[in-house]
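Data from data25.cif: mmCIF, C-alpha atoms; chains and numbers go by the auth columns
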```
data_upload
loop_
_atom_site.group_PDB
_atom_site.id
_atom_site.type_symbol
_atom_site.label_atom_id
_atom_site.label_comp_id
_atom_site.label_asym_id
_atom_site.label_seq_id
_atom_site.Cartn_x
_atom_site.Cartn_y
_atom_site.Cartn_z
_atom_site.B_iso_or_equiv
_atom_site.auth_seq_id
_atom_site.auth_asym_id
ATOM 1 C CA MET A 1 -21.110 -10.440 36.654 0.00 18 Z
ATOM 2 C CA LEU A 2 -17.818 -10.185 34.800 0.00 19 Z
ATOM 3 C CA THR A 3 -17.780 -10.009 31.008 0.00 20 Z
ATOM 4 C CA PHE A 4 -14.465 -10.379 29.202 0.00 21 Z
ATOM 5 C CA TYR A 5 -14.083 -8.974 25.679 0.00 22 Z
ATOM 6 C CA HIS A 6 -11.471 -11.120 24.015 0.00 23 Z
ATOM 7 C CA ALA A 7 -9.849 -12.146 20.753 0.00 24 Z
ATOM 8 C CA PRO A 8 -7.740 -15.330 20.782 0.00 25 Z
ATOM 9 C CA TRP A 9 -4.011 -14.994 20.222 0.00 26 Z
ATOM 10 C CA SER A 10 -4.023 -11.274 20.832 0.00 27 Z
ATOM 11 C CA ARG A 11 -3.018 -8.784 23.513 0.00 28 Z
ATOM 12 C CA SER A 12 -6.003 -9.918 25.540 0.00 29 Z
ATOM 13 C CA SER A 13 -4.575 -13.416 25.987 0.00 30 Z
ATOM 14 C CA GLY A 14 -2.662 -12.245 29.062 0.00 31 Z
ATOM 15 C CA ILE A 15 -5.943 -11.181 30.669 0.00 32 Z
ATOM 16 C CA LEU A 16 -7.396 -14.602 29.861 0.00 33 Z
ATOM 17 C CA TRP A 17 -4.470 -16.131 31.741 0.00 34 Z
ATOM 18 C CA LEU A 18 -5.048 -13.744 34.638 0.00 35 Z
ATOM 19 C CA LEU A 19 -8.727 -14.684 34.853 0.00 36 Z
ATOM 20 C CA GLU A 20 -7.794 -18.350 35.007 0.00 37 Z
ATOM 21 C CA GLU A 21 -5.282 -17.569 37.768 0.00 38 Z
ATOM 22 C CA LEU A 22 -7.962 -15.715 39.733 0.00 39 Z
ATOM 23 C CA GLN A 23 -10.451 -18.574 39.306 0.00 40 Z
ATOM 24 C CA VAL A 24 -13.432 -16.247 39.205 0.00 41 Z
ATOM 25 C CA PRO A 25 -16.486 -16.848 36.981 0.00 42 Z
ATOM 26 C CA TYR A 26 -16.614 -14.795 33.802 0.00 43 Z
ATOM 27 C CA GLU A 27 -18.377 -14.727 30.469 0.00 44 Z
ATOM 28 C CA PHE A 28 -16.757 -14.351 27.057 0.00 45 Z
ATOM 29 C CA GLU A 29 -17.742 -11.720 24.549 0.00 46 Z
ATOM 30 C CA MET A 30 -15.752 -12.608 21.463 0.00 47 Z
ATOM 31 C CA ILE A 31 -14.427 -9.716 19.356 0.00 48 Z
ATOM 32 C CA ASP A 32 -13.140 -10.744 15.940 0.00 49 Z
ATOM 33 C CA ILE A 33 -10.406 -8.156 15.491 0.00 50 Z
ATOM 34 C CA ARG A 34 -9.291 -9.924 12.318 0.00 51 Z
ATOM 35 C CA ALA A 35 -12.666 -9.936 10.570 0.00 52 Z
ATOM 36 C CA ARG A 36 -12.546 -8.738 6.976 0.00 53 Z
ATOM 37 C CA GLU A 37 -15.355 -6.266 7.633 0.00 54 Z
ATOM 38 C CA GLY A 38 -13.714 -5.004 10.807 0.00 55 Z
ATOM 39 C CA VAL A 39 -14.966 -4.789 14.370 0.00 56 Z
ATOM 40 C CA PRO A 40 -18.556 -3.491 14.683 0.00 57 Z
ATOM 41 C CA GLU A 41 -18.861 0.206 15.546 0.00 58 Z
ATOM 42 C CA SER A 42 -21.113 -0.712 18.469 0.00 59 Z
ATOM 43 C CA TYR A 43 -18.064 -2.045 20.319 0.00 60 Z
ATOM 44 C CA ARG A 44 -16.761 1.528 20.686 0.00 61 Z
ATOM 45 C CA SER A 45 -19.204 1.932 23.566 0.00 62 Z
ATOM 46 C CA ILE A 46 -16.959 -0.502 25.458 0.00 63 Z
ATOM 47 C CA GLN A 47 -13.525 0.166 23.978 0.00 64 Z
ATOM 48 C CA PRO A 48 -13.055 3.513 22.174 0.00 65 Z
ATOM 49 C CA ASN A 49 -10.503 2.176 19.663 0.00 66 Z
ATOM 50 C CA LYS A 50 -12.296 -1.157 19.179 0.00 67 Z
ATOM 51 C CA LYS A 51 -9.342 -3.030 20.685 0.00 68 Z
ATOM 52 C CA VAL A 52 -9.126 -5.903 23.138 0.00 69 Z
ATOM 53 C CA PRO A 53 -9.032 -6.562 26.010 0.00 70 Z
ATOM 54 C CA ALA A 54 -11.853 -4.940 27.917 0.00 71 Z
ATOM 55 C CA ILE A 55 -14.004 -6.049 30.810 0.00 72 Z
ATOM 56 C CA VAL A 56 -17.317 -5.048 32.279 0.00 73 Z
ATOM 57 C CA HIS A 57 -17.610 -5.932 35.951 0.00 74 Z
ATOM 58 C CA ASP A 58 -20.822 -5.175 37.803 0.00 75 Z
ATOM 59 C CA GLY A 59 -21.591 -2.463 35.276 0.00 76 Z
ATOM 60 C CA GLN A 60 -18.129 -0.877 35.375 0.00 77 Z
ATOM 61 C CA VAL A 61 -16.103 -0.770 32.144 0.00 78 Z
ATOM 62 C CA VAL A 62 -12.340 -1.195 32.401 0.00 79 Z
ATOM 63 C CA THR A 63 -10.001 -1.042 29.398 0.00 80 Z
ATOM 64 C CA GLU A 64 -6.203 -1.214 28.917 0.00 81 Z
ATOM 65 C CA ARG A 65 -4.309 -4.248 30.116 0.00 82 Z
ATOM 66 C CA ALA A 66 -2.498 -2.590 33.004 0.00 83 Z
ATOM 67 C CA ALA A 67 -5.715 -1.084 34.352 0.00 84 Z
ATOM 68 C CA ILE A 68 -7.623 -4.347 33.935 0.00 85 Z
ATOM 69 C CA THR A 69 -4.874 -6.315 35.673 0.00 86 Z
ATOM 70 C CA ILE A 70 -4.642 -3.904 38.595 0.00 87 Z
ATOM 71 C CA TYR A 71 -8.418 -3.786 38.917 0.00 88 Z
ATOM 72 C CA LEU A 72 -8.964 -7.547 38.852 0.00 89 Z
ATOM 73 C CA ALA A 73 -6.039 -8.533 41.065 0.00 90 Z
ATOM 74 C CA ASP A 74 -7.075 -5.950 43.682 0.00 91 Z
ATOM 75 C CA ARG A 75 -10.763 -6.787 43.399 0.00 92 Z
ATOM 76 C CA PHE A 76 -10.105 -10.508 43.938 0.00 93 Z
ATOM 77 C CA PRO A 77 -7.306 -10.473 46.530 0.00 94 Z
ATOM 78 C CA GLN A 78 -7.920 -14.049 47.632 0.00 95 Z
ATOM 79 C CA ALA A 79 -5.700 -15.219 44.760 0.00 96 Z
ATOM 80 C CA GLY A 80 -2.727 -13.353 46.236 0.00 97 Z
ATOM 81 C CA LEU A 81 -1.582 -11.985 42.884 0.00 98 Z
ATOM 82 C CA ALA A 82 -1.285 -8.315 43.843 0.00 99 Z
ATOM 83 C CA PRO A 83 1.139 -7.022 46.480 0.00 100 Z
ATOM 84 C CA ALA A 84 -0.730 -4.927 49.030 0.00 101 Z
ATOM 85 C CA ILE A 85 -0.270 -1.148 49.015 0.00 102 Z
ATOM 86 C CA GLU A 86 2.096 -1.335 51.978 0.00 103 Z
ATOM 87 C CA ASP A 87 4.044 -4.265 50.482 0.00 104 Z
ATOM 88 C CA SER A 88 7.593 -3.417 49.376 0.00 105 Z
ATOM 89 C CA ASP A 89 6.932 -5.246 46.074 0.00 106 Z
ATOM 90 C CA ARG A 90 4.002 -2.987 45.178 0.00 107 Z
ATOM 91 C CA ALA A 91 6.128 -0.357 43.419 0.00 108 Z
ATOM 92 C CA ALA A 92 7.886 -2.900 41.199 0.00 109 Z
ATOM 93 C CA TYR A 93 4.550 -4.611 40.514 0.00 110 Z
ATOM 94 C CA LEU A 94 2.879 -1.428 39.285 0.00 111 Z
ATOM 95 C CA THR A 95 5.972 -0.418 37.343 0.00 112 Z
ATOM 96 C CA ALA A 96 6.107 -3.765 35.527 0.00 113 Z
ATOM 97 C CA LEU A 97 2.439 -3.621 34.594 0.00 114 Z
ATOM 98 C CA VAL A 98 2.521 -0.121 33.183 0.00 115 Z
ATOM 99 C CA TYR A 99 5.872 -0.776 31.480 0.00 116 Z
ATOM 100 C CA CYS A 100 4.322 -3.635 29.502 0.00 117 Z
ATOM 101 C CA ASP A 101 1.662 -1.318 28.103 0.00 118 Z
ATOM 102 C CA SER A 102 3.546 1.944 27.750 0.00 119 Z
ATOM 103 C CA VAL A 103 7.059 0.815 26.744 0.00 120 Z
ATOM 104 C CA PHE A 104 7.426 -2.895 25.942 0.00 121 Z
ATOM 105 C CA ASP A 105 4.503 -3.176 23.548 0.00 122 Z
ATOM 106 C CA PRO A 106 4.959 0.071 21.566 0.00 123 Z
ATOM 107 C CA ALA A 107 8.731 -0.461 21.326 0.00 124 Z
ATOM 108 C CA ILE A 108 8.130 -3.939 19.912 0.00 125 Z
ATOM 109 C CA CYS A 109 5.583 -2.592 17.433 0.00 126 Z
ATOM 110 C CA ALA A 110 7.924 0.161 16.270 0.00 127 Z
ATOM 111 C CA HIS A 111 10.723 -2.380 15.859 0.00 128 Z
ATOM 112 C CA VAL A 112 8.588 -4.797 13.843 0.00 129 Z
ATOM 113 C CA GLN A 113 7.376 -2.000 11.590 0.00 130 Z
ATOM 114 C CA GLY A 114 10.953 -0.859 10.995 0.00 131 Z
ATOM 115 C CA LEU A 115 10.357 2.600 12.441 0.00 132 Z
ATOM 116 C CA LYS A 116 13.588 4.622 12.592 0.00 133 Z
ATOM 117 C CA TYR A 117 13.687 7.221 15.349 0.00 134 Z
ATOM 118 C CA GLU A 118 15.674 8.704 18.192 0.00 135 Z
ATOM 119 C CA SER A 119 14.806 7.939 21.807 0.00 136 Z
ATOM 120 C CA ASN A 120 13.380 11.398 22.459 0.00 137 Z
ATOM 121 C CA HIS A 121 11.072 11.212 19.456 0.00 138 Z
ATOM 122 C CA TYR A 122 8.610 8.922 21.254 0.00 139 Z
ATOM 123 C CA ALA A 123 7.685 8.570 24.915 0.00 140 Z
ATOM 124 C CA PHE A 124 8.403 4.822 24.924 0.00 141 Z
ATOM 125 C CA GLY A 125 12.053 5.220 23.930 0.00 142 Z
ATOM 126 C CA THR A 126 14.091 2.760 21.897 0.00 143 Z
ATOM 127 C CA PHE A 127 13.787 -0.974 21.380 0.00 144 Z
ATOM 128 C CA ALA A 128 17.400 -1.434 22.486 0.00 145 Z
ATOM 129 C CA ASP A 129 16.809 0.322 25.800 0.00 146 Z
ATOM 130 C CA MET A 130 13.642 -1.680 26.432 0.00 147 Z
ATOM 131 C CA LEU A 131 15.401 -4.938 25.634 0.00 148 Z
ATOM 132 C CA ALA A 132 18.323 -4.152 27.927 0.00 149 Z
ATOM 133 C CA TYR A 133 16.024 -3.196 30.789 0.00 150 Z
ATOM 134 C CA ILE A 134 13.875 -6.353 30.587 0.00 151 Z
ATOM 135 C CA GLU A 135 16.964 -8.547 30.335 0.00 152 Z
ATOM 136 C CA ARG A 136 18.584 -6.813 33.297 0.00 153 Z
ATOM 137 C CA ARG A 137 15.418 -6.970 35.376 0.00 154 Z
ATOM 138 C CA LEU A 138 14.868 -10.688 34.832 0.00 155 Z
ATOM 139 C CA ALA A 139 18.536 -11.453 35.425 0.00 156 Z
ATOM 140 C CA ARG A 140 18.246 -9.911 38.890 0.00 157 Z
ATOM 141 C CA HIS A 141 14.781 -11.159 39.848 0.00 158 Z
ATOM 142 C CA PRO A 142 12.955 -14.415 39.068 0.00 159 Z
ATOM 143 C CA PHE A 143 9.652 -12.630 38.439 0.00 160 Z
ATOM 144 C CA ALA A 144 8.387 -9.290 37.174 0.00 161 Z
ATOM 145 C CA ALA A 145 7.870 -7.756 40.617 0.00 162 Z
ATOM 146 C CA GLY A 146 10.648 -9.532 42.479 0.00 163 Z
ATOM 147 C CA GLY A 147 10.807 -12.893 44.160 0.00 164 Z
ATOM 148 C CA ARG A 148 7.258 -14.169 43.659 0.00 165 Z
ATOM 149 C CA PHE A 149 4.754 -14.635 40.884 0.00 166 Z
ATOM 150 C CA THR A 150 2.191 -11.821 40.603 0.00 167 Z
ATOM 151 C CA ALA A 151 -0.446 -10.671 38.148 0.00 168 Z
ATOM 152 C CA ALA A 152 2.285 -8.622 36.449 0.00 169 Z
ATOM 153 C CA ASP A 153 3.820 -11.869 35.232 0.00 170 Z
ATOM 154 C CA THR A 154 0.671 -12.779 33.305 0.00 171 Z
ATOM 155 C CA GLN A 155 1.263 -9.688 31.200 0.00 172 Z
ATOM 156 C CA LEU A 156 5.057 -9.651 30.926 0.00 173 Z
ATOM 157 C CA ALA A 157 5.382 -13.368 30.251 0.00 174 Z
ATOM 158 C CA SER A 158 2.553 -13.262 27.709 0.00 175 Z
ATOM 159 C CA GLY A 159 4.316 -10.451 25.895 0.00 176 Z
ATOM 160 C CA ILE A 160 7.689 -12.173 25.910 0.00 177 Z
ATOM 161 C CA ASN A 161 6.220 -15.514 24.868 0.00 178 Z
ATOM 162 C CA TYR A 162 4.363 -14.055 21.890 0.00 179 Z
ATOM 163 C CA THR A 163 7.031 -11.663 20.656 0.00 180 Z
ATOM 164 C CA MET A 164 9.895 -14.135 21.069 0.00 181 Z
ATOM 165 C CA ASN A 165 8.285 -17.455 20.102 0.00 182 Z
ATOM 166 C CA ILE A 166 5.565 -16.411 17.657 0.00 183 Z
ATOM 167 C CA LEU A 167 6.407 -12.984 16.262 0.00 184 Z
ATOM 168 C CA ARG A 168 10.157 -13.615 16.406 0.00 185 Z
ATOM 169 C CA ALA A 169 10.717 -9.945 17.208 0.00 186 Z
ATOM 170 C CA LEU A 170 12.435 -10.498 20.544 0.00 187 Z
ATOM 171 C CA PRO A 171 15.809 -12.276 20.601 0.00 188 Z
ATOM 172 C CA GLU A 172 15.877 -15.704 22.222 0.00 189 Z
ATOM 173 C CA LYS A 173 17.983 -14.775 25.199 0.00 190 Z
ATOM 174 C CA PRO A 174 18.609 -17.397 27.918 0.00 191 Z
ATOM 175 C CA VAL A 175 17.165 -15.147 30.616 0.00 192 Z
ATOM 176 C CA PHE A 176 13.870 -14.891 28.706 0.00 193 Z
ATOM 177 C CA LYS A 177 13.697 -18.653 28.166 0.00 194 Z
ATOM 178 C CA GLU A 178 14.408 -19.318 31.829 0.00 195 Z
ATOM 179 C CA TYR A 179 11.719 -16.850 32.875 0.00 196 Z
ATOM 180 C CA LEU A 180 9.128 -18.461 30.623 0.00 197 Z
ATOM 181 C CA ALA A 181 10.082 -21.889 31.927 0.00 198 Z
ATOM 182 C CA ARG A 182 9.297 -20.695 35.465 0.00 199 Z
ATOM 183 C CA VAL A 183 5.787 -19.530 34.609 0.00 200 Z
ATOM 184 C CA GLU A 184 4.618 -21.863 31.835 0.00 201 Z
ATOM 185 C CA THR A 185 4.205 -24.784 34.230 0.00 202 Z
ATOM 186 C CA ARG A 186 1.367 -22.990 36.012 0.00 203 Z
ATOM 187 C CA PRO A 187 -1.986 -24.774 35.494 0.00 204 Z
ATOM 188 C CA ALA A 188 -3.741 -21.481 34.741 0.00 205 Z
ATOM 189 C CA PHE A 189 -1.297 -20.720 31.932 0.00 206 Z
ATOM 190 C CA ARG A 190 -1.883 -24.133 30.371 0.00 207 Z
ATOM 191 C CA LYS A 191 -5.651 -23.761 30.726 0.00 208 Z
ATOM 192 C CA ALA A 192 -5.598 -20.331 29.087 0.00 209 Z
ATOM 193 C CA GLN A 193 -3.481 -21.661 26.220 0.00 210 Z
ATOM 194 C CA GLN A 194 -5.945 -24.491 25.675 0.00 211 Z
ATOM 195 C CA ILE A 195 -8.924 -22.117 25.696 0.00 212 Z
ATOM 196 C CA ASP A 196 -7.242 -19.777 23.219 0.00 213 Z
ATOM 197 C CA MET A 197 -6.428 -22.676 20.911 0.00 214 Z
ATOM 198 C CA GLU A 198 -10.057 -23.801 20.912 0.00 215 Z
ATOM 199 C CA LEU A 199 -11.341 -20.277 20.359 0.00 216 Z
ATOM 200 C CA ALA A 200 -8.884 -19.595 17.539 0.00 217 Z
ATOM 201 C CA ALA A 201 -10.146 -22.689 15.713 0.00 218 Z
ATOM 202 C CA LYS A 202 -13.526 -20.964 15.427 0.00 219 Z
ATOM 203 C CA VAL A 203 -12.128 -17.722 13.973 0.00 220 Z
ATOM 204 C CA PRO A 204 -12.332 -17.582 10.143 0.00 221 Z
ATOM 205 C CA PHE A 205 -8.901 -15.912 9.886 0.00 222 Z
ATOM 206 C CA PHE A 206 -7.218 -18.865 11.593 0.00 223 Z
ATOM 207 C CA SER A 207 -9.408 -21.646 10.253 0.00 224 Z
ATOM 208 C CA GLY A 208 -8.789 -20.686 6.627 0.00 225 Z
ATOM 209 C CA GLN A 209 -12.377 -19.621 5.967 0.00 226 Z
ATOM 210 C CA GLU A 210 -11.201 -16.188 4.852 0.00 227 Z
ATOM 211 C CA ALA A 211 -9.327 -15.908 1.580 0.00 228 Z
#
```
Written as structure tokens, that's how I'd like the structure from this file.
Amino acid sequence: MLTFYHAPWSRSSGILWLLEELQVPYEFEMIDIRAREGVPESYRSIQPNKKVPAIVHDGQVVTERAAITIYLADRFPQAGLAPAIEDSDRAAYLTALVYCDSVFDPAICAHVQGLKYESNHYAFGTFADMLAYIERRLARHPFAAGGRFTAADTQLASGINYTMNILRALPEKPVFKEYLARVETRPAFRKAQQIDMELAAKVPFFSGQEA
């Protein structure tokens, strides 16, 4: 059994997309991260900071998007979304996944919050360096790990889509738009977007039930 702890329109949306790509059965456990009273303390037994995403698969808890993505794509190899260990794309695949969690996301957050700092002040470095790297990478390769779509794209494209089109924190560069155009036609992406839309309609924060 695979249980997916999720909040619509959040960092866990990329894992929702990945699950739809893998086409494996899973159950939702909805976590309302936007609830006025906060996330229940009981959820810390799954995720220590009460964040999403998290999964429980056959009794094993996995948290953090990069770890969840690596775990699922390797555990369900029939989908072909993870380069094998001996594959030359494996290094770029792992790098892209961890970069999304350890550099892209915190650099975006620092930028949105207006944090002023020098590169050496924080392990994730500057927003400008992150932006230049992602732009350079996607200018040279059609996908996150090279020439083919992998599970890493579910995370990188989700991050770019949200921060550029919703949060408006990432500049609308042609290379980002072209990258999104390559992945957004995938049926699993469209299915995940539809599911998230339906789930968000049931969340008080989005439905206007919370003042």
By how many Å are CA of Ala101 in chain Z and CA of Ala162 in chain Z apart?
12.4 Å
Under the rule that all atoms listed in the file are counted, which of Z:Tyr60, Z:Ile177, Z:Gly131, Z:Asp118 is the nearest residue to Glu189 in chain Z?
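Looking at the shortest contact to Glu189 in chain Z, the residue is Z:Ile177.
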Identify which of the residues Z:Glu46, Z:Glu201, Z:Asp122, Z:Asp170 lies closest to Met147 in chain Z, counting all atoms listed in the file when measuring atom-to-atom distances.
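Among the listed residues, the smallest separation from Met147 in chain Z belongs to Z:Asp122.
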Pick the closest to Ala96 in chain Z from Z:Leu155, Z:Leu216, Z:Leu187, Z:Leu39: which is it, counting all atoms listed in the file?
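Closest to Ala96 in chain Z of all the choices is Z:Leu39.
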Hits from the PyMOL selection byres ((chain Z and resi 49) around 10), listed as a ChimeraX atom specification:
/Z:22-25,46-48,50-57,68-69,217,220-222
Which residue out of Z:Pro188, Z:Gly97, Z:Gly142, Z:Pro70 has the minimum interatomic distance to Ala168 in chain Z when all atoms listed in the file are used?
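Answer, going by the shortest atom-to-atom distance: Z:Gly97.
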Which residues would end up in the selection if the PyMOL selection byres ((chain Z and resi 174) around 12) were applied here, given that I need the answer as JSON, numbers by chain?
{"Z": [28, 30, 31, 32, 34, 35, 113, 114, 117, 121, 151, 155, 159, 160, 161, 166, 167, 168, 169, 170, 171, 172, 173, 175, 176, 177, 178, 179, 180, 181, 182, 192, 193, 194, 195, 196, 197, 198, 199, 200, 201, 203, 206]}
Atom-to-atom span, CA of Tyr88 in chain Z and CA of Leu111 in chain Z, Å:
11.5 Å
Point out the residue among Z:Leu19, Z:Glu215, Z:Pro191, Z:Glu44 with the least atom-to-atom distance to Arg92 in chain Z, counting all atoms listed in the file.
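Distance minimum relative to Arg92 in chain Z lands on Z:Leu19.
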Measuring atom to atom with only C-alpha atoms, identify which of Z:Thr202, Z:Gln77, Z:Thr112, Z:Gln40 is nearest to Pro94 in chain Z.
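Looking at the shortest contact to Pro94 in chain Z, the residue is Z:Gln40.
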Carefully work through the PyMOL selection byres ((chain Z and resi 139-141) around 7) for this structure and note down the residues it includes, as a PyMOL selection string.
chain Z and resi 119-120+123-124+136-138+142-143
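Atom pair CA of Leu132 in chain Z / CA of Phe223 in chain Z has a distance of 27.8 Å (rounded to one decimal).
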7 Å contact set for Phe21 in chain Z, all atoms listed in the file, chain neighbours under 5 positions out, as a PyMOL selection string
chain Z and resi 43-46+71-73
